[in-house]
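The structure under discussion appears below in the form of structure tokens.
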Amino acid sequence: MNNAIDTHTATDKNTAIDRKLQEVETLRATLLRPIPRFSTRGVLVMLTIVLVLAWSFSGVGPSATNRITSFFDPFIAVGNLITRMLPPEFEIARSHNAVITLFGVEVTEFQITRSTVNLFGNEVEIGWPPIITAVFETVQMAIVGTLGAVLMALPLSLLAARNTSPHPALYQVTRLFLNFMRSIPELVYALLFVAAVGLGPFTGVLALAFGSVGSLTRVFAEAIEQIDPAQVNAVRATGAGSLQTFVYSVIPQAFPLFISYAIIYFESNVRHATILGYVGAGGVGFLLFKYTGTSDYDNLLGAALVMVVAVTVIDRLSSRLRQRFI
Amino acid sequence: MLVVENLRVVYANGAEALKSISLKAERGEIIAIIGRSGAGKSTLLRCINGLQQPTEGEIILDGENITRMNGAQLRRARRHIGFIWQEYNLVERLSAMSNVLTGRLGYASPVSSFFGYFNAQHRAVALQNLERVGLLHRATNRADKLSGGEKQRVAIARAISQEPKILLADEPVASLDPELSVQVMTDLARVAREVGVLTLINIHHVELAQQFADRIIGIAQGKVVFDGAPADLTEGVMDRIYRFNSPVAAQPLAAH
């Protein structure tokens, strides 16, 4: 009886070893294959990707109104547009009333009028280009708008961070509210505020502040969630109150990230602010609207070049500033 | 096989990492390099791999002068120099097998390897080396899913897959616990003996060095102060390598 059981377990063991060896051999064979075998799952994934791409292209291909009949037409169309943009021009205001004020006190006021000078035999107009005024206004809007967003995001981020939120329900409600804020683009905020407070750069400031507060709060909250809890506990262990603990352990850890994100949002707000003028909310957008509306593509390219310079300078300055805080 | 002559390295900040190092090594030797932190052990290995340009002196590997090579020549020479790092430096998102296959990149065609294609010969070499370190069962696992000891074994398999003339290991077990250190060192020494490759190992643990190396080189203050068999590593030699300027070591002498 005993013997029978022993042989039984022995054969069991042998088949187990055989199976193991078989597995090792299959593994070796798979690893040695230069081209992996197609799995059903892989084929299905590839097929899905192809279908999604085909479906996407089918919905957005050129229509009859696009006047594209041959493969070369799009290139010809873009070429035409480029030739109409060249050479770039800079609109010169007939007269610009320059007022220099210092902390609200008017220092001096003068007029810059358009005049024509002869430069090496070429007639050149000199004066004040309105695009400069518009670029400065755009930067001002971005600075004030970002400041507004930061001021709103600081307290909100405390509620939206899991580790500092006073109650899970409040955390969920805050997150829901932020998602709502975030799902509305800046341009829609601009349209709403134009209706509410009228035209002008202040409307743009409101649009930028409300347009970025949703996502800015989210990244602030994630910065707070990333902090080291051990440092917080160590401060709490000294007997500090919750506000003291916050000021001495949470803020010092999250501060560099706050600054860094605020600067990144300022940069992106400069770029976002350019479009807001399209709906009358100040900045270079109004000029772009004017130039595209009148098919004045030479001036459009001129304005675009000025903006390239401005955005590049701002990016360089702010990334240098950001490195100081990290 | 390897000849290092009067090697001197002065860093840009004026620090003299190596004063004058000369040594000869033959094929198949396993040599442990011991010395205090900052003695110049890592600098020596970095020079042999061409990562660090020496200020003076020459390194000749298999008749080729490493110190007088341009970029392309150095790349070709590095193909034959395996390197094992303290922190493993596996590509974490690739499988263990793919990591070992990277050891074949110096031989594989640039175009086909771009598309992840390695021919059966390259795969056979990689597989053989992965089995040498006993990790066939982990072949398809991503490197970040492996334990520290397994990672270092994969790194050994990767270096060996280069079919190197020389294997350089910079503190290969310093990140592992004592038990794993012994196991990984056992594997490293066994594999090096199997393929008969000259191996230089920078190591802090003197006991491990004595246990696994054929020869020990002691470096102190940028100079070779000991070069001999593990058995000849006496207390006096250890003082010269490790306690050359320590008042603690000098005190008992003063008491006598």
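Identifiers in the structure tokens: chain A, B, ... in order shown; residue index from 1 per chain; ligand index from 1 in order shown.
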Please tabulate, as a Markdown table, the residues of chain B that come within 9 Å of chain A, each with its closest pair of atoms and the distance in Å to one decimal, counting only C-alpha atoms and ordering rows by chain, then residue number upward.
```
| residue | atom | partner | partner_atom | distance |
| --- | --- | --- | --- | --- |
| B:Met97 | CA | A:Leu31 | CA | 7.8 |
| B:Gly116 | CA | A:Ile35 | CA | 8.6 |
| B:Tyr117 | CA | A:Pro34 | CA | 6.0 |
| B:Phe118 | CA | A:Pro34 | CA | 5.6 |
| B:Asn119 | CA | A:Pro34 | CA | 5.3 |
| B:Ala120 | CA | A:Leu32 | CA | 5.8 |
| B:Gln121 | CA | A:Leu32 | CA | 8.5 |
| B:His122 | CA | A:Leu32 | CA | 8.8 |
| B:Arg123 | CA | A:Leu32 | CA | 5.4 |
| B:Ala124 | CA | A:Leu32 | CA | 6.3 |
| B:Leu127 | CA | A:Leu31 | CA | 7.4 |
| B:Leu136 | CA | A:Arg28 | CA | 8.1 |
| B:His137 | CA | A:Val24 | CA | 7.9 |
| B:Ala139 | CA | A:Leu31 | CA | 8.0 |
| B:Thr140 | CA | A:Leu31 | CA | 8.4 |
```
*Show which residues sit within 9 Å of Ala190 (chain A), as an MDAnalysis selection string. Count only C-alpha atoms, and ignore same-chain residues fewer than 4 positions away.*
chainID A and resid 185:186 194:195 203:208 211 276 279:281
With N, CA and C atoms retained, export the selected residues as a CSV table (one decimal), in the first residue's frame.
```csv
chain,number,residue,atom,x,y,z
A,185,PRO,N,-12.6,77.4,-21.0
A,185,PRO,CA,-11.4,78.0,-21.4
A,185,PRO,C,-11.3,79.5,-21.2
A,186,GLU,N,-10.1,80.1,-21.2
A,186,GLU,CA,-9.9,81.5,-21.0
A,186,GLU,C,-10.8,82.4,-21.9
A,194,VAL,N,-16.7,90.2,-20.6
A,194,VAL,CA,-17.0,91.3,-21.5
A,194,VAL,C,-18.5,91.7,-21.3
A,195,ALA,N,-19.3,90.6,-21.2
A,195,ALA,CA,-20.7,90.9,-21.0
A,195,ALA,C,-21.0,91.5,-19.6
A,203,THR,N,-10.9,93.3,-18.1
A,203,THR,CA,-11.7,92.1,-18.4
A,203,THR,C,-10.7,90.9,-18.7
A,204,GLY,N,-9.6,91.2,-19.4
A,204,GLY,CA,-8.6,90.2,-19.7
A,204,GLY,C,-8.0,89.7,-18.5
A,205,VAL,N,-7.7,90.6,-17.5
A,205,VAL,CA,-7.1,90.2,-16.3
A,205,VAL,C,-8.0,89.2,-15.6
A,206,LEU,N,-9.3,89.5,-15.5
A,206,LEU,CA,-10.3,88.6,-14.8
A,206,LEU,C,-10.3,87.3,-15.5
A,207,ALA,N,-10.3,87.3,-16.9
A,207,ALA,CA,-10.4,86.1,-17.7
A,207,ALA,C,-9.2,85.2,-17.4
A,208,LEU,N,-8.0,85.8,-17.3
A,208,LEU,CA,-6.8,85.0,-17.1
A,208,LEU,C,-6.8,84.5,-15.7
A,211,GLY,N,-9.4,81.8,-15.5
A,211,GLY,CA,-9.1,80.7,-16.4
A,211,GLY,C,-7.9,79.9,-15.9
A,276,LEU,N,-7.0,87.1,-26.2
A,276,LEU,CA,-8.2,87.7,-25.5
A,276,LEU,C,-8.6,88.9,-26.2
A,279,VAL,N,-11.8,89.2,-28.5
A,279,VAL,CA,-13.2,89.5,-28.0
A,279,VAL,C,-13.2,90.8,-27.2
A,280,GLY,N,-12.2,91.7,-27.4
A,280,GLY,CA,-12.2,93.0,-26.8
A,280,GLY,C,-11.7,93.0,-25.4
A,281,ALA,N,-10.9,92.1,-25.0
A,281,ALA,CA,-10.4,92.1,-23.6
A,281,ALA,C,-9.0,92.5,-23.5
```
What's the 9 Å shell around Leu90 (chain B), counting only C-alpha atoms, without same-chain residues fewer than 4 positions away, as a short mmCIF file (atom, residue, chain, number, x, y, z; two decimals) with N, CA, C and O atoms, in the first residue's frame?
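Output file part-v5.cif is given in full below:
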```
data_model
loop_
_atom_site.label_atom_id
_atom_site.label_comp_id
_atom_site.auth_asym_id
_atom_site.auth_seq_id
_atom_site.Cartn_x
_atom_site.Cartn_y
_atom_site.Cartn_z
N LEU B 94 13.31 48.62 -19.29
CA LEU B 94 13.49 47.50 -20.22
C LEU B 94 13.56 46.19 -19.45
O LEU B 94 13.90 46.17 -18.27
N ALA B 96 14.90 42.39 -18.33
CA ALA B 96 16.24 41.92 -18.00
C ALA B 96 16.96 41.47 -19.27
O ALA B 96 18.12 41.81 -19.50
N ASN B 99 18.07 44.39 -21.31
CA ASN B 99 19.23 45.01 -20.69
C ASN B 99 20.50 44.25 -21.05
O ASN B 99 21.54 44.86 -21.33
N ALA B 143 13.39 45.54 -15.46
CA ALA B 143 14.53 45.66 -14.55
C ALA B 143 14.14 46.29 -13.22
O ALA B 143 14.68 45.93 -12.18
N ASP B 144 13.17 47.22 -13.23
CA ASP B 144 12.82 47.87 -11.96
C ASP B 144 12.04 46.94 -11.04
O ASP B 144 11.80 47.26 -9.88
N LYS B 151 19.53 42.69 -9.92
CA LYS B 151 19.94 43.78 -10.83
C LYS B 151 21.43 43.71 -11.11
O LYS B 151 21.87 43.83 -12.25
N GLN B 152 22.23 43.51 -10.04
CA GLN B 152 23.67 43.49 -10.25
C GLN B 152 24.07 42.26 -11.06
O GLN B 152 25.01 42.33 -11.85
N VAL B 154 22.20 40.94 -13.46
CA VAL B 154 21.88 41.31 -14.84
C VAL B 154 22.98 42.22 -15.40
O VAL B 154 23.41 42.08 -16.55
N ALA B 155 23.47 43.14 -14.54
CA ALA B 155 24.54 44.04 -14.98
C ALA B 155 25.80 43.24 -15.33
O ALA B 155 26.50 43.57 -16.29
#
```
*Tell me, as a list in words, which residues lie within 7 Å of Ile131 (chain A), counting only C-alpha atoms; anything in the same chain fewer than 4 positions away does not count.*
Val135, Val284 and Ala303 of chain A
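If you count only C-alpha atoms and ignore residues fewer than 2 places along the chain from Ala159 (chain B), what sits within 8 Å of it is B:Gly82, B:Phe83, B:Ile84, B:Val100, B:Gly103, B:Ala155, B:Ile156, B:Ala157, B:Ser161, B:Gln162, B:Glu163, B:Pro164, B:Leu167.
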Hey, can you spit out that residue selection with C-alpha atoms as a PDB file, in the first residue's frame?
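Writing done, so here's selection21.pdb:
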```pdb
ATOM      1  CA  GLY B  82      32.837  45.899 -19.617  1.00  0.00           C
ATOM      2  CA  PHE B  83      31.811  48.173 -16.757  1.00  0.00           C
ATOM      3  CA  ILE B  84      29.824  47.256 -13.647  1.00  0.00           C
ATOM      4  CA  VAL B 100      21.619  42.116 -21.370  1.00  0.00           C
ATOM      5  CA  GLY B 103      25.691  44.622 -24.111  1.00  0.00           C
ATOM      6  CA  ALA B 155      24.541  44.039 -14.977  1.00  0.00           C
ATOM      7  CA  ILE B 156      27.235  41.322 -14.850  1.00  0.00           C
ATOM      8  CA  ALA B 157      25.494  39.445 -17.705  1.00  0.00           C
ATOM      9  CA  SER B 161      27.808  39.969 -23.256  1.00  0.00           C
ATOM     10  CA  GLN B 162      30.161  42.644 -24.584  1.00  0.00           C
ATOM     11  CA  GLU B 163      32.724  39.798 -24.802  1.00  0.00           C
ATOM     12  CA  PRO B 164      35.140  42.161 -23.082  1.00  0.00           C
ATOM     13  CA  LEU B 167      35.933  43.897 -16.952  1.00  0.00           C
TER      14      LEU B 167
END
```
*Could you pull the residues within 12 Å of Phe286 (chain A), counting only C-alpha atoms, minus those fewer than 2 positions along the same chain, as a ChimeraX atom specification?*
/A:130-131,133-135,137-138,199-201,204,273-284,288-293,300,303
_as an MDAnalysis selection string, please: the residues near Glu179 (chain B) (cut-off 10 Å, only C-alpha atoms, same-chain neighbours under 4 positions excluded)._
chainID B and resid 149 183:184
Give the strand (DSSP E or B) residues of region 181-254 of chain B, as DSSP finds them on the backbone, and put them as a compact mmCIF listing (two decimals) with C-alpha atoms, in the first residue's frame.
```
# COMPACT_ATOMS: atom_id res chain seq x y z
CA LEU B 198 40.82 40.20 -16.85
CA THR B 199 38.78 41.76 -14.05
CA LEU B 200 39.53 44.82 -11.92
CA ILE B 201 37.28 45.29 -8.91
CA ASN B 202 37.25 48.40 -6.72
CA ARG B 215 45.81 39.59 -6.53
CA ILE B 216 45.28 42.74 -4.51
CA ILE B 217 46.45 46.24 -5.32
CA GLY B 218 46.39 48.79 -2.51
CA ILE B 219 46.20 52.46 -3.45
CA ALA B 220 46.84 55.29 -0.99
CA LYS B 223 50.11 55.75 -5.42
CA VAL B 224 50.30 51.96 -5.45
CA VAL B 225 51.45 50.99 -1.93
CA PHE B 226 50.80 47.25 -2.20
CA ASP B 227 50.65 44.82 -5.08
CA GLY B 228 50.60 41.14 -4.26
```
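A straight line drawn from CA of Tyr242 (chain B) to CA of Leu168 (chain B) is 22.4 Å long.
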_Those in region 77-317 of chain A with alpha helix (DSSP H) from DSSP, as a ChimeraX atom specification_ = /A:77-85,130-160,168-182,186-197,201-225,229-237,242-245,251-276,285-293,297-317
